[in-house]
$ cat data_34.tsv   # TSV, C-alpha atoms
chain	number	residue	atom	x	y	z
A	25	MET	CA	37.26	-0.93	-28.61
A	26	GLU	CA	33.64	-2.01	-28.73
A	27	GLN	CA	32.53	-3.90	-25.65
A	28	ILE	CA	30.34	-6.92	-26.20
A	29	GLY	CA	28.31	-8.22	-23.29
A	30	VAL	CA	24.97	-9.63	-22.32
A	31	GLN	CA	22.21	-7.39	-23.67
A	32	SER	CA	19.11	-8.90	-22.09
A	33	LEU	CA	17.84	-11.76	-19.98
A	34	VAL	CA	15.10	-14.26	-20.76
A	35	LEU	CA	13.89	-16.54	-17.98
A	36	GLY	CA	12.84	-20.08	-18.82
A	37	ILE	CA	9.86	-21.62	-17.02
A	38	PRO	CA	9.67	-25.42	-17.31
A	39	VAL	CA	6.22	-27.03	-17.20
A	40	PRO	CA	5.05	-30.61	-17.91
A	41	GLU	CA	4.25	-31.18	-21.57
A	42	GLN	CA	0.61	-31.97	-20.88
A	43	ASP	CA	0.23	-28.61	-19.10
A	44	TYR	CA	1.82	-26.46	-21.80
A	45	ASP	CA	-1.34	-24.67	-23.01
A	46	ARG	CA	-2.76	-24.33	-19.51
A	47	ALA	CA	0.52	-22.81	-18.33
A	48	ILE	CA	0.40	-20.11	-20.99
A	49	ASP	CA	-3.15	-19.21	-20.00
A	50	TRP	CA	-2.20	-19.07	-16.30
A	51	TYR	CA	0.79	-16.76	-16.81
A	52	VAL	CA	-1.34	-14.47	-18.98
A	53	ASP	CA	-4.52	-14.45	-16.88
A	54	VAL	CA	-3.06	-14.51	-13.36
A	55	LEU	CA	0.36	-12.81	-13.60
A	56	GLY	CA	-0.67	-10.35	-16.32
A	57	CYS	CA	1.82	-11.46	-18.97
A	58	LYS	CA	1.22	-10.82	-22.67
A	59	LEU	CA	1.61	-13.71	-25.12
A	60	VAL	CA	4.23	-12.68	-27.70
A	61	TRP	CA	4.46	-15.90	-29.72
A	62	LYS	CA	3.76	-19.60	-29.38
A	63	SER	CA	5.46	-22.34	-31.36
A	64	GLY	CA	6.37	-25.46	-29.38
A	65	ILE	CA	7.65	-23.05	-26.78
A	66	ALA	CA	5.95	-19.79	-25.93
A	67	GLN	CA	7.31	-16.37	-25.10
A	68	VAL	CA	5.32	-14.15	-22.78
A	69	ARG	CA	6.22	-10.70	-21.55
A	70	LEU	CA	5.59	-8.95	-18.24
A	71	PRO	CA	4.47	-5.28	-18.20
A	72	SER	CA	8.07	-4.34	-17.31
A	73	GLY	CA	9.30	-5.88	-20.57
A	74	GLN	CA	10.88	-8.93	-18.91
A	75	ARG	CA	10.46	-11.96	-21.18
A	76	LEU	CA	9.66	-15.49	-20.04
A	77	LEU	CA	9.89	-18.68	-22.07
A	78	ILE	CA	7.39	-21.40	-21.21
A	79	PHE	CA	8.62	-24.80	-22.34
A	80	SER	CA	8.49	-28.52	-21.64
A	81	PRO	CA	11.91	-29.71	-20.42
A	82	ASP	CA	13.99	-32.33	-22.24
A	83	ASP	CA	15.61	-35.37	-20.65
A	84	ASP	CA	18.74	-34.93	-22.80
A	85	SER	CA	21.40	-33.19	-20.70
A	86	GLU	CA	22.90	-31.67	-23.86
A	87	SER	CA	19.65	-29.89	-24.74
A	88	ILE	CA	19.14	-26.21	-24.08
A	89	TRP	CA	15.82	-27.23	-22.51
A	90	PHE	CA	17.37	-29.62	-19.98
A	91	VAL	CA	16.81	-28.39	-16.42
A	92	GLY	CA	17.62	-31.46	-14.38
A	93	ASP	CA	15.12	-32.75	-11.89
A	94	TYR	CA	13.05	-29.58	-11.84
A	95	LYS	CA	10.26	-31.16	-9.80
A	96	ALA	CA	12.63	-32.00	-6.96
A	97	HIS	CA	14.57	-28.73	-7.36
A	98	PRO	CA	12.16	-25.99	-8.46
A	99	HIS	CA	13.29	-22.43	-9.10
A	100	TYR	CA	13.66	-20.60	-5.81
A	101	SER	CA	15.40	-17.36	-6.76
A	102	VAL	CA	13.09	-15.90	-9.42
A	103	GLN	CA	11.37	-12.83	-7.99
A	104	PHE	CA	8.32	-11.08	-9.38
A	105	VAL	CA	7.87	-7.41	-8.47
A	106	THR	CA	4.36	-6.10	-7.76
A	107	THR	CA	2.90	-2.83	-6.51
A	108	ASP	CA	0.27	-4.60	-4.39
A	109	ILE	CA	1.37	-7.92	-2.97
A	110	ARG	CA	-1.86	-8.67	-1.09
A	111	LYS	CA	-3.97	-8.14	-4.17
A	112	LEU	CA	-1.61	-10.48	-6.05
A	113	ARG	CA	-1.93	-13.06	-3.25
A	114	HIS	CA	-5.71	-12.91	-3.49
A	115	ARG	CA	-5.54	-13.42	-7.26
A	116	LEU	CA	-3.14	-16.35	-6.91
A	117	ILE	CA	-5.35	-18.10	-4.37
A	118	GLU	CA	-8.39	-17.52	-6.56
A	119	SER	CA	-6.53	-19.27	-9.40
A	120	GLY	CA	-6.13	-22.33	-7.18
A	121	VAL	CA	-2.42	-22.20	-6.36
A	122	LYS	CA	-0.54	-22.11	-3.07
A	123	ALA	CA	0.55	-18.68	-1.85
A	124	GLY	CA	2.43	-18.13	1.39
A	125	GLU	CA	1.81	-15.43	3.96
A	126	VAL	CA	2.84	-11.85	3.25
A	127	LEU	CA	5.83	-11.15	5.48
A	128	ARG	CA	8.22	-8.28	6.13
A	129	GLY	CA	11.44	-9.13	4.30
A	130	GLY	CA	15.02	-8.47	5.28
A	131	GLY	CA	15.10	-5.25	3.25
A	132	GLY	CA	12.09	-3.85	5.10
A	133	GLY	CA	9.57	-4.44	2.30
A	134	TRP	CA	6.83	-7.05	1.95
A	135	ASP	CA	7.43	-10.37	0.24
A	136	MET	CA	5.66	-13.67	-0.29
A	137	MET	CA	6.52	-17.14	-1.56
A	138	PHE	CA	4.18	-18.78	-4.06
A	139	HIS	CA	3.99	-21.68	-6.50
A	140	ASP	CA	2.66	-21.78	-10.01
A	141	PRO	CA	0.30	-24.71	-10.77
A	142	PHE	CA	3.22	-26.69	-12.22
A	143	GLY	CA	5.53	-26.93	-9.21
A	144	ASN	CA	7.80	-23.91	-9.78
A	145	ARG	CA	8.36	-21.84	-6.67
A	146	TYR	CA	8.83	-18.07	-6.80
A	147	TRP	CA	8.94	-14.98	-4.65
A	148	ALA	CA	6.84	-11.86	-5.03
A	149	ILE	CA	8.20	-8.56	-3.73
A	150	GLU	CA	6.14	-5.44	-3.21
A	151	ASP	CA	8.05	-2.49	-4.62
A	152	PRO	CA	5.96	0.33	-6.08
A	153	LYS	CA	9.04	2.34	-6.99
A	154	PRO	CA	12.26	0.37	-7.59
A	155	GLY	CA	15.27	2.07	-6.09
A	156	ALA	CA	13.33	3.77	-3.32
A	157	TYR	CA	15.73	5.03	-0.70
A	158	PRO	CA	15.82	3.80	2.89
A	159	ALA	CA	13.43	5.08	5.55
A	160	ALA	CA	16.33	6.61	7.47
A	161	LEU	CA	16.85	9.15	4.67
A	162	ARG	CA	13.23	10.22	4.25
A	163	ASP	CA	13.32	13.24	6.55
A	164	LYS	CA	16.04	14.79	4.38
A	165	ALA	CA	13.63	14.80	1.42
A	166	GLY	CA	10.51	15.56	3.48
A	167	ARG	CA	8.22	13.28	5.44
A	168	LYS	CA	5.57	13.56	2.74
A	169	SER	CA	7.79	11.49	0.45
A	170	SER	CA	7.04	8.44	2.62
A	171	PHE	CA	3.76	8.05	0.76
A	172	VAL	CA	5.54	8.16	-2.60
A	173	GLU	CA	8.51	5.93	-1.90
A	174	GLU	CA	6.62	2.92	-0.56
A	175	ILE	CA	3.17	1.54	0.02
A	176	VAL	CA	1.88	2.68	3.42
A	177	GLY	CA	-0.88	0.68	5.06
A	178	THR	CA	-1.97	-2.69	6.38
A	179	GLU	CA	-3.09	-5.92	4.75
A	180	ARG	CA	-6.54	-4.36	4.26
A	181	ILE	CA	-5.98	-0.67	3.56
A	182	ARG	CA	-3.37	1.64	2.09
A	183	LEU	CA	-2.84	5.38	2.31
A	184	ARG	CA	-1.75	7.37	-0.74
A	185	LEU	CA	-1.40	11.04	-1.52
A	186	THR	CA	-4.61	12.71	-2.65
A	187	GLU	CA	-4.76	13.88	-6.26
A	188	GLN	CA	-6.94	16.58	-7.78
A	189	ALA	CA	-9.13	13.89	-9.33
A	190	ASP	CA	-9.95	12.64	-5.81
A	191	LEU	CA	-11.38	15.92	-4.55
A	192	GLU	CA	-14.98	15.27	-5.62
A	193	PHE	CA	-14.87	12.09	-3.52
A	194	VAL	CA	-13.34	14.05	-0.62
A	195	LEU	CA	-16.06	16.72	-0.75
A	196	ARG	CA	-18.84	14.12	-0.95
A	197	ALA	CA	-17.42	12.25	2.05
A	198	GLU	CA	-17.05	15.46	4.02
A	199	ARG	CA	-20.59	16.62	3.30
A	200	ASP	CA	-22.23	13.26	3.85
A	201	ALA	CA	-25.01	13.44	6.43
A	202	ASP	CA	-23.18	10.99	8.72
A	203	ASN	CA	-20.01	13.12	8.69
A	204	ARG	CA	-20.83	16.81	8.27
A	205	THR	CA	-22.16	17.21	11.82
A	206	TYR	CA	-18.77	16.34	13.28
A	207	ILE	CA	-16.12	17.76	10.92
A	208	GLY	CA	-15.23	21.10	9.39
A	209	GLN	CA	-16.42	21.87	5.89
A	210	TRP	CA	-13.62	22.92	3.56
A	211	SER	CA	-13.88	24.31	0.07
A	212	LYS	CA	-12.21	22.61	-2.88
A	213	GLU	CA	-9.60	25.37	-2.82
A	214	GLN	CA	-8.75	24.70	0.82
A	215	HIS	CA	-8.23	21.01	0.08
A	216	THR	CA	-6.09	21.92	-2.93
A	217	ASP	CA	-3.90	24.13	-0.72
A	218	ALA	CA	-3.40	21.23	1.70
A	219	ILE	CA	-2.49	18.89	-1.16
A	220	GLN	CA	0.16	21.33	-2.38
A	221	SER	CA	1.56	22.31	1.03
A	222	PRO	CA	4.84	20.57	2.03
A	223	GLY	CA	3.74	20.66	5.68
A	224	PHE	CA	0.53	18.70	5.00
A	225	ALA	CA	-0.10	15.14	3.88
A	226	HIS	CA	-3.56	14.97	2.32
A	227	LEU	CA	-4.26	11.24	2.01
A	228	ILE	CA	-6.81	8.98	0.39
A	229	ILE	CA	-7.58	5.74	2.24
A	230	VAL	CA	-8.12	2.82	-0.14
A	231	ASP	CA	-9.44	-0.71	0.34
A	232	ARG	CA	-6.52	-2.78	-0.97
A	233	LEU	CA	-8.67	-5.62	-2.28
A	234	THR	CA	-11.23	-3.58	-4.23
A	235	GLU	CA	-9.13	-0.41	-4.80
A	236	GLU	CA	-12.20	1.60	-3.75
A	237	ARG	CA	-11.71	4.87	-1.90
A	238	ILE	CA	-13.13	4.49	1.60
A	239	GLY	CA	-12.06	7.73	3.25
A	240	TYR	CA	-9.41	10.38	3.62
A	241	ALA	CA	-7.06	11.82	6.24
A	242	ILE	CA	-5.08	15.03	6.61
A	243	LEU	CA	-1.86	15.29	8.62
A	244	ASN	CA	-0.23	18.60	9.54
A	245	GLY	CA	3.22	19.39	10.88
A	246	LEU	CA	5.27	17.32	8.46
A	247	GLN	CA	8.21	19.72	8.34
A	248	PRO	CA	11.36	17.71	9.24
A	249	GLN	CA	12.10	19.84	12.31
A	250	SER	CA	8.59	19.40	13.75
A	251	HIS	CA	8.23	17.11	16.75
A	252	SER	CA	4.43	17.44	16.89
A	253	ILE	CA	2.17	15.90	14.23
A	254	GLU	CA	-1.49	16.90	14.02
A	255	LEU	CA	-4.15	14.53	12.77
A	256	LYS	CA	-6.19	17.31	11.21
A	257	ARG	CA	-8.91	15.19	9.69
A	258	LEU	CA	-9.95	11.53	9.51
A	259	VAL	CA	-13.12	10.74	7.57
A	260	ILE	CA	-14.29	7.19	6.85
A	261	VAL	CA	-17.30	6.52	4.63
A	262	PRO	CA	-18.27	2.86	5.38
A	263	LYS	CA	-19.00	2.87	9.09
A	264	ARG	CA	-18.33	0.18	11.69
A	265	LYS	CA	-16.00	-1.91	9.57
A	266	GLY	CA	-12.81	-1.14	11.51
A	267	TYR	CA	-11.27	1.05	8.80
A	268	GLY	CA	-10.85	4.03	11.11
A	269	ARG	CA	-9.03	1.97	13.74
A	270	GLU	CA	-6.68	0.55	11.09
A	271	ALA	CA	-5.97	3.99	9.67
A	272	LEU	CA	-5.10	5.25	13.15
A	273	ARG	CA	-2.70	2.35	13.62
A	274	VAL	CA	-0.91	3.29	10.40
A	275	ILE	CA	-0.80	6.99	11.29
A	276	LYS	CA	0.63	6.28	14.76
A	277	LYS	CA	3.33	4.09	13.26
A	278	MET	CA	4.28	6.75	10.72
A	279	ALA	CA	4.43	9.49	13.35
A	280	PHE	CA	6.46	7.65	15.96
A	281	ASP	CA	8.40	4.91	14.16
A	282	ASP	CA	9.13	6.57	10.83
A	283	TRP	CA	9.21	10.29	11.69
A	284	ASN	CA	10.39	10.05	15.29
A	285	ALA	CA	7.75	12.53	16.48
A	286	ARG	CA	7.37	13.39	20.13
A	287	ARG	CA	3.63	14.08	20.03
A	288	LEU	CA	0.62	13.12	17.89
A	289	TRP	CA	-2.53	15.13	18.57
A	290	LEU	CA	-6.02	15.91	17.31
A	291	ASP	CA	-9.18	17.73	18.25
A	292	VAL	CA	-12.66	16.22	18.22
A	293	ARG	CA	-16.04	17.83	18.75
A	294	THR	CA	-17.36	16.92	22.18
A	295	GLU	CA	-20.66	15.76	20.66
A	296	ASN	CA	-18.81	13.19	18.55
A	297	VAL	CA	-18.91	10.56	21.27
A	298	ASP	CA	-18.12	7.57	19.03
A	299	ALA	CA	-14.97	9.20	17.63
A	300	GLU	CA	-13.79	10.26	21.08
A	301	ARG	CA	-14.29	6.73	22.34
A	302	LEU	CA	-12.31	5.33	19.38
A	303	TYR	CA	-9.40	7.71	19.94
A	304	ALA	CA	-9.28	6.87	23.63
A	305	SER	CA	-9.33	3.14	22.88
A	306	VAL	CA	-6.17	3.39	20.75
A	307	GLY	CA	-4.24	5.37	23.36
A	308	PHE	CA	-5.06	9.07	22.94
A	309	GLN	CA	-5.48	11.00	26.19
A	310	SER	CA	-7.64	14.04	26.82
A	311	GLU	CA	-5.83	17.33	27.43
A	312	GLY	CA	-8.97	19.36	28.04
A	313	VAL	CA	-11.88	21.07	26.29
A	314	LEU	CA	-11.90	24.32	24.32
A	315	ARG	CA	-15.43	25.54	25.05
A	316	ASP	CA	-17.50	27.10	22.24
A	317	CYS	CA	-14.33	27.60	20.19
A	318	ASP	CA	-15.81	27.02	16.74
A	319	ILE	CA	-19.03	27.57	14.82
A	320	ALA	CA	-20.74	24.80	12.82
A	321	ASP	CA	-24.07	25.18	11.05
A	322	GLY	CA	-24.67	28.46	12.86
A	323	ARG	CA	-24.06	27.14	16.38
A	324	PHE	CA	-21.10	27.12	18.74
A	325	VAL	CA	-19.28	23.81	19.29
A	326	SER	CA	-16.66	22.75	21.80
A	327	MET	CA	-13.53	20.78	20.94
A	328	ARG	CA	-11.69	18.21	23.03
A	329	ILE	CA	-7.92	18.14	22.55
A	330	MET	CA	-6.46	14.63	22.64
A	331	SER	CA	-2.86	13.54	22.25
A	332	MET	CA	-0.39	10.70	22.50
A	333	LEU	CA	3.30	11.03	23.42
A	334	ARG	CA	6.05	8.86	22.07
A	335	ASN	CA	6.47	6.94	25.33
A	336	GLU	CA	2.73	6.17	25.31
A	337	TYR	CA	2.74	4.73	21.81
A	338	LEU	CA	1.98	1.01	21.73
$ encode --input "data_34.tsv" --output "structure tokens"
Amino acid sequence: MEQIGVQSLVLGIPVPEQDYDRAIDWYVDVLGCKLVWKSGIAQVRLPSGQRLLIFSPDDDSESIWFVGDYKAHPHYSVQFVTTDIRKLRHRLIESGVKAGEVLRGGGGGWDMMFHDPFGNRYWAIEDPKPGAYPAALRDKAGRKSSFVEEIVGTERIRLRLTEQADLEFVLRAERDADNRTYIGQWSKEQHTDAIQSPGFAHLIIVDRLTEERIGYAILNGLQPQSHSIELKRLVIVPKRKGYGREALRVIKKMAFDDWNARRLWLDVRTENVDAERLYASVGFQSEGVLRDCDIADGRFVSMRIMSMLRNEYL
């Protein structure tokens, strides 16, 4: 026997009659909806396909457009899903509406309360991949999947897996005059091998507000059985803006909180005094110096080994 049930859901958004046209513009310009039709009421559609009806409520309790005292009892349970909640918050505030702080929700993701200009209250949830599985299961699929299943970063930066299209940026950053003195010079093929290797996480560091690439990092030792994670490379292009310190905070959290590593380590050229000072300031300890262990620009260089153990992680 044919089963008949609900096929789809349309959410109704009540707004004061005098704000009807302004409401349509706001939902299109700020939330990214597309206007489907407009005739007394308007239907807009989110990129996901979810449809919203924007209407002016009736006082008649028998009307389909009756919503009670919607000003005293706004909608609390409607949730909008976004891939970048902080960027959405910035856009909301720019549009002149109230947006709450971005907080860690009960499910472990980020969420935020906000109002539209007409008194309706909503929630935004950051979920780049609906249905992502819990952090506790990540090691079974590989630690590298952490950067696919959820957004990794802070309010200001995020780390994502490097793609082939990013490699020209990576090579430029690596060969920049401010960087090449202190870091190894890899070929495009070497970077490609790291991107494809399951034991490496080759990462682009992005400014979350502008979406501009600001640097890259390479982690080694991501095999599930490994208890030691190597920070192979950390290169930041805009200097003295705190991006490197923030990236280190994210990397430490991933290594110790998410992957349960015992040790996080790196090597730094002894002439790179600023980098060594930064690593020490965030808790890395010196294990010693490998003298004249590498060649750069035709000269021998020494490397300081620095590490942090799990019980030293703050």
$ closest_residue --input "data_34.tsv" --among "A:Ala197, A:Met330, A:Val176, A:Leu183" --to "His226 of chain A" --atoms "only C-alpha atoms"
A:Leu183
$ residues_near_point --input "data_34.tsv" --point "(-10.9, 10.1, -1.8)" --cutoff "10 Å" --atoms "only C-alpha atoms" --output "PyMOL selection string"
chain A and resi 184-197+226-230+236-241+259-261
$ atom_distance --input "data_34.tsv" --atom1 "atom CA of Glu295 of chain A" --atom2 "atom CA of Tyr206 of chain A"
7.6 Å
$ atom_distance --input "data_34.tsv" --atom1 "atom CA of Pro38 of chain A" --atom2 "atom CA of Asp108 of chain A"
26.2 Å
$ atom_distance --input "data_34.tsv" --atom1 "atom CA of Trp134 of chain A" --atom2 "atom CA of Ala148 of chain A"
8.5 Å
$ residues_around --input "data_34.tsv" --residues "Arg113 of chain A" --least-positions-apart "2" --cutoff "9 Å" --atoms "only C-alpha atoms" --output "ChimeraX atom specification"
/A:108-111,115-118,123-126,136,138
$ closest_residue --input "data_34.tsv" --among "A:Ala271, A:Leu255, A:Asp321, A:Lys58" --to "Arg204 of chain A" --atoms "all atoms listed in the file"
A:Asp321
$ closest_residue --input "data_34.tsv" --among "A:Gly245, A:Pro262, A:Gly307, A:Gly73" --to "Trp283 of chain A" --atoms "only C-alpha atoms"
A:Gly245
$ closest_residue --input "data_34.tsv" --among "A:Pro40, A:Gly208, A:Gly268, A:Gly223" --to "Gly143 of chain A" --atoms "all atoms listed in the file"
A:Pro40
$ residues_around --input "data_34.tsv" --residues "Met278 of chain A" --least-positions-apart "4" --cutoff "12 Å" --atoms "all atoms listed in the file" --output "PyMOL selection string"
chain A and resi 159+162-163+167-171+175-177+183+225+243+246+253+255+271-274+282-288+334+337
$ write_last_selection --input "data_34.tsv" --atoms "C-alpha atoms" --output "compact mmCIF listing (two decimals), keeping the file's coordinate frame"
# COMPACT_ATOMS: atom_id res chain seq x y z
CA ALA A 159 13.43 5.08 5.55
CA ARG A 162 13.23 10.22 4.25
CA ASP A 163 13.32 13.24 6.55
CA ARG A 167 8.22 13.28 5.44
CA LYS A 168 5.57 13.56 2.74
CA SER A 169 7.79 11.49 0.45
CA SER A 170 7.04 8.44 2.62
CA PHE A 171 3.76 8.05 0.76
CA ILE A 175 3.17 1.54 0.02
CA VAL A 176 1.88 2.68 3.42
CA GLY A 177 -0.88 0.68 5.06
CA LEU A 183 -2.84 5.38 2.31
CA ALA A 225 -0.10 15.14 3.88
CA LEU A 243 -1.86 15.29 8.62
CA LEU A 246 5.27 17.32 8.46
CA ILE A 253 2.17 15.90 14.23
CA LEU A 255 -4.15 14.53 12.77
CA ALA A 271 -5.97 3.99 9.67
CA LEU A 272 -5.10 5.25 13.15
CA ARG A 273 -2.70 2.35 13.62
CA VAL A 274 -0.91 3.29 10.40
CA ASP A 282 9.13 6.57 10.83
CA TRP A 283 9.21 10.29 11.69
CA ASN A 284 10.39 10.05 15.29
CA ALA A 285 7.75 12.53 16.48
CA ARG A 286 7.37 13.39 20.13
CA ARG A 287 3.63 14.08 20.03
CA LEU A 288 0.62 13.12 17.89
CA ARG A 334 6.05 8.86 22.07
CA TYR A 337 2.74 4.73 21.81
$ residues_around --input "data_34.tsv" --residues "Gly56 of chain A" --least-positions-apart "5" --cutoff "12 Å" --atoms "all atoms listed in the file" --output "mmCIF file with C-alpha atoms, in the frame of the given file"
data_model
loop_
_atom_site.group_PDB
_atom_site.id
_atom_site.type_symbol
_atom_site.label_atom_id
_atom_site.label_comp_id
_atom_site.auth_asym_id
_atom_site.auth_seq_id
_atom_site.Cartn_x
_atom_site.Cartn_y
_atom_site.Cartn_z
ATOM 1 C CA ILE A 48 0.400 -20.110 -20.990
ATOM 2 C CA ASP A 49 -3.150 -19.210 -20.000
ATOM 3 C CA TRP A 50 -2.200 -19.070 -16.300
ATOM 4 C CA TYR A 51 0.790 -16.760 -16.810
ATOM 5 C CA VAL A 68 5.320 -14.150 -22.780
ATOM 6 C CA ARG A 69 6.220 -10.700 -21.550
ATOM 7 C CA LEU A 70 5.590 -8.950 -18.240
ATOM 8 C CA PRO A 71 4.470 -5.280 -18.200
ATOM 9 C CA SER A 72 8.070 -4.340 -17.310
ATOM 10 C CA GLY A 73 9.300 -5.880 -20.570
ATOM 11 C CA GLN A 74 10.880 -8.930 -18.910
ATOM 12 C CA PHE A 104 8.320 -11.080 -9.380
ATOM 13 C CA VAL A 105 7.870 -7.410 -8.470
ATOM 14 C CA THR A 106 4.360 -6.100 -7.760
ATOM 15 C CA LEU A 112 -1.610 -10.480 -6.050
ATOM 16 C CA ARG A 115 -5.540 -13.420 -7.260
ATOM 17 C CA LEU A 116 -3.140 -16.350 -6.910
#
$ closest_residue --input "data_34.tsv" --among "A:Val292, A:Ile149, A:Ile219, A:Val60" --to "Phe308 of chain A" --atoms "all atoms listed in the file"
A:Val292
